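Here is the structure we will look at, set down as structure tokens.
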Amino acid sequence: MAQVAPAPSSVIEVQNLVKRFGAFVAVDDLSLTVAPGEVFGLLGSNGAGKTTAIRMLCGLLSPTGGTARVLGFDVGREPEQVKRRIGYMTQRFSLYDDLTVGQNIRFFGGVYGLEGEALRARRDWAVQMAGLEGKADLLTRSLPGGWKQRLALACSVLHEPKVLFLDEPTGGVDPISRRRFWNLIDAMAAEGVTIIVTTHYLDEAERCDRIALMHAGRLVALGTVSELKDVFAGRAMLEVSCPRVLEAQERLEGEDWVLEASVFGTRVHVVVADAEEGRGKALDVLGAAGFAPLAVDRILPSLEDVFIHCIEAEEAARAS
Amino acid sequence: MSLRKIGAIAVKELRQASRDPLSLAMLLGLPTMMLILYGYAINFDVRHVPLAVEDRDKSAMSRELVASFVNSTYFDLVSDLPAGADLGRLTERRIARAVLVIPEGHARTLAAGRTAPVQLVLDGADANTASTILGYASNLVAGANVSLRLADPAATLPPPPGIDYEPRVWFNPDLKSTQFLVPGLIGFILMLTAVLSTALSVVREKERGTMEQLRVTSLRPSELIIGKTLPYLGISLTATGVIILAARFLFGVRVQGSYVDLFVATLVYLVGALGFGLLVSSLADTQAMAFQIGTVTSMLPAIFLSGFIFPIRSMPAVVQGLTYLVPNRYFLVVLRGVILKGAPLSTYAGAPRWELLFLCLYGAAVFGIAYARLTRKEG
């Protein structure tokens, strides 16, 4: 069955996508587009709806409402067309522990319909890409986590998909392996593969071209890293170091010159209109209240600041 | 459907099976082990019954009667008792299961042309065995009577009866229960291994998350199901061969009918069993659960509702109705026919016997339901 998909300007188009499980709304009115060759990050806490969204985009779950098209195919109506053209890799990555590296590659190659010379060529490519030269006969179970992850990635792109979905691909892997993994992702993106990745790690999010932040099923922020950080444009972020941070945060929140104050571990992050003026006022207020030792510095807002700001804004909007 | 993809799955499945030699040995070896165990353990034959004798006559006649008991091989003489021995203690301790008491004057009474009573004391605790022993003993005494009359030129004894009773047992002339049990065992063992191996192999993929990975490939459900069942069909057929060989060399059970018929019948039966395994896999999320559902739903009916050990005709009507849902019921009839009677398979494929047809229906129905359940879309 030859199907010609309309040449898309965007690889993924999601419009008002909804997924309900009974009364629970896992994905609520999600709309976004992803351009060819983009590395698109999907962020959010556990239960934010990232995995449900990705599983719908892969054709594994049918949407309750709205539409999603991947490479021009509707995921609800033509899931098989979608599946044929995408790669998918999960955190619980799915290799057969009791098969060797080479057998896993051959199996997934076979399942994707590769054979003969094409299969051999892709197998050699996969072994090389995963950095497993000379290890084809090792049992997969005996590989360290980072290697398994690269092998799983290689197995999920044996059929050279144009779109690759990665659902928390680097969970539980050491930082060096994570870096190697991301170098592979960048290399694939450079070859024109569109990559959608979910992650908890903000350093990984910084490597994405664009980021969507989900919270409780809804999209709360979308843009490039610098666009998102622009939330704080014209305002300044101060970091207050002092004892009894919760108390300090409450006190600062009551001040009318403070736009936002939130606790970040052992510090308080404060958003103000003017950095120097804010710094002086913070020192005065907290100093007078006996918070010592006390230090106030201007910092650049991190993605985490952006997310906390977005989520708090969203929750405030819902509450009202 | 792509043969290439089915092949990739079947090869992977066999590789995984061979990587796990214990499971493979279990699939191929366990059936034979069970055959040996059940073959020797489930034995309704009664032989070498320990017999004590209290011979108060001590004549040539009485010794001849005792000899006829022992020579029959049904009885082993374990004790020669003095007159007035405590018979109760002897049977309580199970030293003897039967005691033959020959009163004083046995030979004299016979010589006088009168009927001479002998007594057989039986341990009736195991009623089945006791009635079997009783049957043997009656036959032996009847035989002894016949020889007495033949050896009686004076014709002082009454003439023999007019009807000469000569029973002939067909198909299993020695009435060996292993002959009868082997076909049932094949059905039972195949059901268990086929159901469990398929169910566990599918559920293992669910547990490890590889099923999700397979679902996102463009693999069709039919390709996955065929690729997964073919290797286990092969393994189960091999196991059948091993059982048939073991049955022949261990129990002397020969296949009287054609091996082709046996193969076809087994194939049809296995399709249903593998389908049932798939059905179990669609109900279970963990291997432990699949194992439990699999054993309970395949093993118990195969033992109790198939006619394997307990005759279906003597079951209550409701239970008899249930047996129509158990494929072993049909397979057993066909197997006993082909293996013991040498009946051609066509006997069971048309009026008045429909067993083969029922097996086909069962296989198609179970496979259909399993297929529908496994290809159901999530969400």
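Ordering of the structure tokens sets the chain letters (A, B, ...), residue numbers begin anew at 1 in every chain, and ligands are numbered from 1 in the order given.
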* **Phe304 (chain B) surroundings by only C-alpha atoms, 12 Å radius, close-in-sequence under 3 positions cut, as a PyMOL selection string** => chain B and resi 184+188+296-301+307-312+315+319-320+322-323+326+328-329
How would the residues just picked look written out with N, CA and C atoms as a PDB file, in the first residue's frame?
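Final file, out_13.pdb:
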ATOM      1  N   GLY B 184      -3.129 -40.819  27.612  1.00  0.00           N
ATOM      2  CA  GLY B 184      -3.606 -39.751  28.487  1.00  0.00           C
ATOM      3  C   GLY B 184      -2.466 -38.873  28.956  1.00  0.00           C
ATOM      4  N   PHE B 188      -1.886 -34.855  28.508  1.00  0.00           N
ATOM      5  CA  PHE B 188      -1.732 -34.045  29.711  1.00  0.00           C
ATOM      6  C   PHE B 188      -0.419 -33.266  29.690  1.00  0.00           C
ATOM      7  N   VAL B 296      -3.328 -24.209  36.579  1.00  0.00           N
ATOM      8  CA  VAL B 296      -4.665 -24.547  37.069  1.00  0.00           C
ATOM      9  C   VAL B 296      -5.628 -24.828  35.922  1.00  0.00           C
ATOM     10  N   THR B 297      -5.587 -23.975  34.891  1.00  0.00           N
ATOM     11  CA  THR B 297      -6.586 -24.136  33.833  1.00  0.00           C
ATOM     12  C   THR B 297      -6.235 -25.217  32.822  1.00  0.00           C
ATOM     13  N   SER B 298      -4.987 -25.635  32.777  1.00  0.00           N
ATOM     14  CA  SER B 298      -4.679 -26.687  31.806  1.00  0.00           C
ATOM     15  C   SER B 298      -4.470 -28.035  32.475  1.00  0.00           C
ATOM     16  N   MET B 299      -3.842 -28.018  33.669  1.00  0.00           N
ATOM     17  CA  MET B 299      -3.478 -29.286  34.274  1.00  0.00           C
ATOM     18  C   MET B 299      -4.687 -29.966  34.902  1.00  0.00           C
ATOM     19  N   LEU B 300      -5.455 -29.211  35.681  1.00  0.00           N
ATOM     20  CA  LEU B 300      -6.548 -29.847  36.411  1.00  0.00           C
ATOM     21  C   LEU B 300      -7.585 -30.476  35.473  1.00  0.00           C
ATOM     22  N   PRO B 301      -8.075 -29.723  34.477  1.00  0.00           N
ATOM     23  CA  PRO B 301      -9.028 -30.372  33.566  1.00  0.00           C
ATOM     24  C   PRO B 301      -8.397 -31.561  32.847  1.00  0.00           C
ATOM     25  N   GLY B 307     -11.061 -37.943  31.204  1.00  0.00           N
ATOM     26  CA  GLY B 307     -11.166 -39.391  31.071  1.00  0.00           C
ATOM     27  C   GLY B 307      -9.806 -40.051  31.170  1.00  0.00           C
ATOM     28  N   PHE B 308      -8.780 -39.255  31.507  1.00  0.00           N
ATOM     29  CA  PHE B 308      -7.414 -39.751  31.636  1.00  0.00           C
ATOM     30  C   PHE B 308      -7.356 -40.810  32.743  1.00  0.00           C
ATOM     31  N   ILE B 309      -7.861 -40.445  33.915  1.00  0.00           N
ATOM     32  CA  ILE B 309      -7.838 -41.392  35.030  1.00  0.00           C
ATOM     33  C   ILE B 309      -9.250 -41.805  35.419  1.00  0.00           C
ATOM     34  N   PHE B 310     -10.145 -40.821  35.458  1.00  0.00           N
ATOM     35  CA  PHE B 310     -11.506 -41.116  35.898  1.00  0.00           C
ATOM     36  C   PHE B 310     -12.433 -41.195  34.691  1.00  0.00           C
ATOM     37  N   PRO B 311     -13.128 -42.310  34.539  1.00  0.00           N
ATOM     38  CA  PRO B 311     -13.998 -42.462  33.370  1.00  0.00           C
ATOM     39  C   PRO B 311     -15.094 -41.397  33.360  1.00  0.00           C
ATOM     40  N   ILE B 312     -15.280 -40.766  32.194  1.00  0.00           N
ATOM     41  CA  ILE B 312     -16.257 -39.683  32.086  1.00  0.00           C
ATOM     42  C   ILE B 312     -17.668 -40.196  32.352  1.00  0.00           C
ATOM     43  N   MET B 315     -19.180 -39.864  35.801  1.00  0.00           N
ATOM     44  CA  MET B 315     -19.241 -38.537  36.444  1.00  0.00           C
ATOM     45  C   MET B 315     -20.683 -38.065  36.511  1.00  0.00           C
ATOM     46  N   VAL B 319     -20.902 -32.377  35.519  1.00  0.00           N
ATOM     47  CA  VAL B 319     -19.466 -32.476  35.275  1.00  0.00           C
ATOM     48  C   VAL B 319     -19.215 -33.077  33.893  1.00  0.00           C
ATOM     49  N   GLN B 320     -20.057 -34.028  33.522  1.00  0.00           N
ATOM     50  CA  GLN B 320     -19.922 -34.596  32.179  1.00  0.00           C
ATOM     51  C   GLN B 320     -20.073 -33.519  31.124  1.00  0.00           C
ATOM     52  N   LEU B 322     -19.307 -30.422  31.451  1.00  0.00           N
ATOM     53  CA  LEU B 322     -18.078 -29.621  31.458  1.00  0.00           C
ATOM     54  C   LEU B 322     -16.976 -30.257  30.609  1.00  0.00           C
ATOM     55  N   THR B 323     -16.946 -31.579  30.636  1.00  0.00           N
ATOM     56  CA  THR B 323     -15.839 -32.240  29.939  1.00  0.00           C
ATOM     57  C   THR B 323     -15.857 -31.957  28.444  1.00  0.00           C
ATOM     58  N   VAL B 326     -13.243 -29.556  27.415  1.00  0.00           N
ATOM     59  CA  VAL B 326     -11.834 -29.901  27.640  1.00  0.00           C
ATOM     60  C   VAL B 326     -11.285 -30.630  26.416  1.00  0.00           C
ATOM     61  N   ASN B 328      -8.620 -32.214  25.915  1.00  0.00           N
ATOM     62  CA  ASN B 328      -7.991 -33.502  26.201  1.00  0.00           C
ATOM     63  C   ASN B 328      -8.976 -34.644  26.032  1.00  0.00           C
ATOM     64  N   ARG B 329     -10.246 -34.354  26.344  1.00  0.00           N
ATOM     65  CA  ARG B 329     -11.273 -35.365  26.223  1.00  0.00           C
ATOM     66  C   ARG B 329     -11.273 -35.963  24.819  1.00  0.00           C
TER      67      ARG B 329
END
Per residue of chain B within 9 Å of chain A, record the nearest atom pair and its distance in Å to one decimal, counting only C-alpha atoms, with rows in chain order and ascending residue number, as JSON lines.
{"residue": "B:Ser2", "atom": "CA", "partner": "A:Gly113", "partner_atom": "CA", "distance": 8.0}
{"residue": "B:Arg4", "atom": "CA", "partner": "A:Gly110", "partner_atom": "CA", "distance": 6.7}
{"residue": "B:Lys5", "atom": "CA", "partner": "A:Val111", "partner_atom": "CA", "distance": 4.9}
{"residue": "B:Ile6", "atom": "CA", "partner": "A:Val111", "partner_atom": "CA", "distance": 7.9}
{"residue": "B:Gly7", "atom": "CA", "partner": "A:Gly110", "partner_atom": "CA", "distance": 8.0}
{"residue": "B:Ala8", "atom": "CA", "partner": "A:Gly110", "partner_atom": "CA", "distance": 5.2}
{"residue": "B:Ile9", "atom": "CA", "partner": "A:Phe107", "partner_atom": "CA", "distance": 7.0}
{"residue": "B:Val11", "atom": "CA", "partner": "A:Phe107", "partner_atom": "CA", "distance": 8.2}
{"residue": "B:Lys12", "atom": "CA", "partner": "A:Phe107", "partner_atom": "CA", "distance": 6.5}
{"residue": "B:Arg15", "atom": "CA", "partner": "A:Leu99", "partner_atom": "CA", "distance": 7.4}
{"residue": "B:Gln16", "atom": "CA", "partner": "A:Asp98", "partner_atom": "CA", "distance": 6.4}
{"residue": "B:Arg19", "atom": "CA", "partner": "A:Asp98", "partner_atom": "CA", "distance": 6.8}
{"residue": "B:Asp20", "atom": "CA", "partner": "A:Asp98", "partner_atom": "CA", "distance": 8.4}
{"residue": "B:Glu205", "atom": "CA", "partner": "A:Tyr96", "partner_atom": "CA", "distance": 8.9}
{"residue": "B:Arg208", "atom": "CA", "partner": "A:Ser94", "partner_atom": "CA", "distance": 7.2}
{"residue": "B:Gly209", "atom": "CA", "partner": "A:Ser94", "partner_atom": "CA", "distance": 5.8}
{"residue": "B:Thr210", "atom": "CA", "partner": "A:Ser94", "partner_atom": "CA", "distance": 4.6}
{"residue": "B:Met211", "atom": "CA", "partner": "A:Ser94", "partner_atom": "CA", "distance": 8.1}
{"residue": "B:Glu212", "atom": "CA", "partner": "A:Ser94", "partner_atom": "CA", "distance": 7.9}
{"residue": "B:Gln213", "atom": "CA", "partner": "A:Ser94", "partner_atom": "CA", "distance": 6.1}
{"residue": "B:Leu214", "atom": "CA", "partner": "A:Val111", "partner_atom": "CA", "distance": 8.1}
{"residue": "B:Arg215", "atom": "CA", "partner": "A:Leu60", "partner_atom": "CA", "distance": 7.3}
{"residue": "B:Val216", "atom": "CA", "partner": "A:Lys83", "partner_atom": "CA", "distance": 5.6}
{"residue": "B:Thr217", "atom": "CA", "partner": "A:Lys83", "partner_atom": "CA", "distance": 5.8}
{"residue": "B:Ser218", "atom": "CA", "partner": "A:Arg84", "partner_atom": "CA", "distance": 4.9}
{"residue": "B:Leu219", "atom": "CA", "partner": "A:Val111", "partner_atom": "CA", "distance": 6.5}
{"residue": "B:Arg220", "atom": "CA", "partner": "A:Glu80", "partner_atom": "CA", "distance": 8.8}
{"residue": "B:Lys377", "atom": "CA", "partner": "A:Leu61", "partner_atom": "CA", "distance": 7.6}
{"residue": "B:Glu378", "atom": "CA", "partner": "A:Leu61", "partner_atom": "CA", "distance": 6.0}
{"residue": "B:Gly379", "atom": "CA", "partner": "A:Leu61", "partner_atom": "CA", "distance": 5.9}
* Would you kindly return, as a ChimeraX atom specification, each protein, DNA or RNA residue with an atom no farther than 9 Å from any atom of region 209-218 of chain A, considering only C-alpha atoms and excluding same-chain residues fewer than 6 positions away? => /A:18-19,25-30,32,34,38-45,47-50,53,224-225,228,307,310-311,314
* Asked: Skipping near chain neighbours, those fewer than 5 positions away, what residues fall within 7 Å of region 274-287 of chain A using only C-alpha atoms, listed as a count of residues only?
  -> 5
* Enumerate, as a ChimeraX atom specification, the complete set of residues in region 114-232 of chain A that a backbone-based DSSP assignment places in alpha helix (DSSP H). => /A:116-129,145-156,175-190,202-205,225-229
* Find the residues around Ala68 (chain A) up to 6 Å (only C-alpha atoms counted), leave out those fewer than 3 positions away in its own chain, and share them as a list in words. =>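 Neighbouring residues, sequence-local ones excluded: Glu13, Val14, Asp74 and Val75 of chain A.
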Once you have the residues from the selection above, write them out as a short mmCIF file (atom, residue, chain, number, x, y, z; two decimals), in the first residue's frame, restricted to C-alpha atoms.
data_model
loop_
_atom_site.label_atom_id
_atom_site.label_comp_id
_atom_site.auth_asym_id
_atom_site.auth_seq_id
_atom_site.Cartn_x
_atom_site.Cartn_y
_atom_site.Cartn_z
CA GLU A 13 1.76 18.87 14.43
CA VAL A 14 -0.27 18.53 17.59
CA ASP A 74 -2.67 10.95 11.86
CA VAL A 75 -1.57 8.99 14.93
#
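Of note, CA of Pro293 (chain A) and CA of Trp257 (chain A) are spaced 22.5 Å apart.
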Excluding Ser197 (chain B) and its own-chain neighbours fewer than 4 positions away, which residues fall within 9 Å of it when counting only C-alpha atoms? Please give them as a PDB file with C-alpha atoms, in the first residue's frame.
ATOM      1  CA  SER B  23      14.007 -24.390  30.630  1.00  0.00           C
ATOM      2  CA  LEU B  27      10.427 -28.645  28.057  1.00  0.00           C
ATOM      3  CA  LEU B 192       0.940 -28.336  30.298  1.00  0.00           C
ATOM      4  CA  THR B 193       4.201 -27.629  28.468  1.00  0.00           C
ATOM      5  CA  SER B 201       7.332 -16.292  26.726  1.00  0.00           C
ATOM      6  CA  VAL B 202       4.725 -13.621  25.983  1.00  0.00           C
ATOM      7  CA  TYR B 232       7.097 -23.878  20.786  1.00  0.00           C
ATOM      8  CA  LEU B 274      -0.639 -22.975  22.120  1.00  0.00           C
ATOM      9  CA  GLY B 277      -1.216 -20.350  26.196  1.00  0.00           C
TER      10      GLY B 277
END
* To do: Using only C-alpha atoms, determine which residues lie at most 12 Å from Trp125 (chain A), disregarding the query and same-chain residues fewer than 4 positions distant; provide the list as a ChimeraX atom specification.
  => /A:102,105,109,118-121,129-133,151,154-155,157-160
With C-alpha atoms retained, could you export that selection as a compact mmCIF listing (two decimals), in the first residue's frame?
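File written: part_21.txt
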# COMPACT_ATOMS: atom_id res chain seq x y z
CA GLY A 102 24.93 -8.92 17.80
CA ILE A 105 20.85 -5.98 16.60
CA GLY A 109 16.90 -5.39 12.23
CA ALA A 118 21.33 -3.82 4.25
CA LEU A 119 21.10 -5.62 7.60
CA ARG A 120 24.87 -6.23 7.69
CA ALA A 121 25.61 -2.61 6.89
CA MET A 129 27.86 3.97 16.86
CA ALA A 130 27.33 2.33 20.23
CA GLY A 131 31.09 1.97 20.61
CA LEU A 132 30.78 -1.81 20.92
CA GLU A 133 33.38 -2.89 18.35
CA LEU A 151 22.96 -0.09 22.10
CA ALA A 154 21.27 2.07 17.97
CA CYS A 155 18.64 -0.71 17.87
CA VAL A 157 17.19 3.59 14.72
CA LEU A 158 18.26 0.58 12.65
CA HIS A 159 15.54 1.38 10.12
CA GLU A 160 16.79 4.98 9.80
* Shortest interatomic distance to Phe276 (chain B) - which of B:Arg373, B:Arg47, B:Arg353, B:His106, counting only C-alpha atoms ->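 Closest candidate: B:Arg373.
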* Asked: Rounded to one decimal in Å, what is the spacing between CA of Ala239 (chain B) and CA of Lys341 (chain B)?
  ->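 A separation of 22.6 Å between them.
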* To do: Select from region 73-288 of chain A everything DSSP, run on the backbone, classes as strand (DSSP E or B), then give the selection as number ranges by chain.
  => A: 73-74, 86-90, 100, 139, 163-167, 194-199, 210-215, 218-223, 236-241, 258-264, 267-272
Write to file, as a PDB file, in the first residue's frame, the residues of the selection just made, with C-alpha atoms.
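That gives us result-v7.pdb:
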ATOM      1  CA  PHE A  73       0.085  10.776   9.288  1.00  0.00           C
ATOM      2  CA  ASP A  74      -2.674  10.953  11.861  1.00  0.00           C
ATOM      3  CA  ILE A  86       9.658   6.506  13.753  1.00  0.00           C
ATOM      4  CA  GLY A  87      12.130   5.233  16.313  1.00  0.00           C
ATOM      5  CA  TYR A  88      11.225   4.895  19.980  1.00  0.00           C
ATOM      6  CA  MET A  89      13.336   4.261  23.005  1.00  0.00           C
ATOM      7  CA  THR A  90      12.262   4.244  26.631  1.00  0.00           C
ATOM      8  CA  THR A 100      24.218 -11.064  22.734  1.00  0.00           C
ATOM      9  CA  LEU A 139      25.681 -11.009  26.492  1.00  0.00           C
ATOM     10  CA  VAL A 163      11.704  10.983  13.777  1.00  0.00           C
ATOM     11  CA  LEU A 164      13.066   9.611  17.032  1.00  0.00           C
ATOM     12  CA  PHE A 165      11.200   9.617  20.335  1.00  0.00           C
ATOM     13  CA  LEU A 166      13.251   9.223  23.497  1.00  0.00           C
ATOM     14  CA  ASP A 167      11.371   8.822  26.764  1.00  0.00           C
ATOM     15  CA  THR A 194      13.904  15.113  14.335  1.00  0.00           C
ATOM     16  CA  ILE A 195      14.257  14.200  17.988  1.00  0.00           C
ATOM     17  CA  ILE A 196      11.665  14.495  20.731  1.00  0.00           C
ATOM     18  CA  VAL A 197      13.089  13.770  24.147  1.00  0.00           C
ATOM     19  CA  THR A 198      11.638  13.830  27.639  1.00  0.00           C
ATOM     20  CA  THR A 199      13.942  14.425  30.549  1.00  0.00           C
ATOM     21  CA  ARG A 210      13.254  24.133  21.971  1.00  0.00           C
ATOM     22  CA  ILE A 211      11.560  23.081  25.156  1.00  0.00           C
ATOM     23  CA  ALA A 212       7.969  22.462  26.115  1.00  0.00           C
ATOM     24  CA  LEU A 213       7.171  22.417  29.811  1.00  0.00           C
ATOM     25  CA  MET A 214       4.196  20.342  30.890  1.00  0.00           C
ATOM     26  CA  HIS A 215       2.453  20.484  34.221  1.00  0.00           C
ATOM     27  CA  ARG A 218      -1.068  21.078  30.268  1.00  0.00           C
ATOM     28  CA  LEU A 219       1.558  22.928  28.307  1.00  0.00           C
ATOM     29  CA  VAL A 220       2.761  25.801  30.508  1.00  0.00           C
ATOM     30  CA  ALA A 221       5.754  27.076  28.558  1.00  0.00           C
ATOM     31  CA  LEU A 222       7.166  26.592  25.077  1.00  0.00           C
ATOM     32  CA  GLY A 223      10.194  28.101  23.358  1.00  0.00           C
ATOM     33  CA  ALA A 236      16.477  40.827  37.862  1.00  0.00           C
ATOM     34  CA  MET A 237      17.042  37.649  39.835  1.00  0.00           C
ATOM     35  CA  LEU A 238      18.675  37.908  43.243  1.00  0.00           C
ATOM     36  CA  GLU A 239      19.969  35.039  45.311  1.00  0.00           C
ATOM     37  CA  VAL A 240      19.699  35.519  49.059  1.00  0.00           C
ATOM     38  CA  SER A 241      21.863  33.369  51.329  1.00  0.00           C
ATOM     39  CA  VAL A 258       9.411  41.903  45.524  1.00  0.00           C
ATOM     40  CA  LEU A 259       7.786  40.429  42.410  1.00  0.00           C
ATOM     41  CA  GLU A 260       8.410  36.796  43.353  1.00  0.00           C
ATOM     42  CA  ALA A 261      10.280  34.924  46.029  1.00  0.00           C
ATOM     43  CA  SER A 262      10.845  31.179  46.110  1.00  0.00           C
ATOM     44  CA  VAL A 263      13.000  28.840  48.129  1.00  0.00           C
ATOM     45  CA  PHE A 264      15.822  27.065  46.268  1.00  0.00           C
ATOM     46  CA  ARG A 267      18.735  29.940  49.352  1.00  0.00           C
ATOM     47  CA  VAL A 268      15.899  32.222  48.371  1.00  0.00           C
ATOM     48  CA  HIS A 269      15.547  33.429  44.805  1.00  0.00           C
ATOM     49  CA  VAL A 270      13.926  36.837  44.545  1.00  0.00           C
ATOM     50  CA  VAL A 271      12.692  38.561  41.387  1.00  0.00           C
ATOM     51  CA  VAL A 272      12.833  42.356  41.495  1.00  0.00           C
TER      52      VAL A 272
END
* To do: Mind giving me the straight-line distance from CA of Ala10 (chain B) to CA of Pro231 (chain B) in Å, one decimal?
  =>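 Computing the Euclidean distance for CA of Ala10 (chain B) and CA of Pro231 (chain B) yields 5.8 Å.
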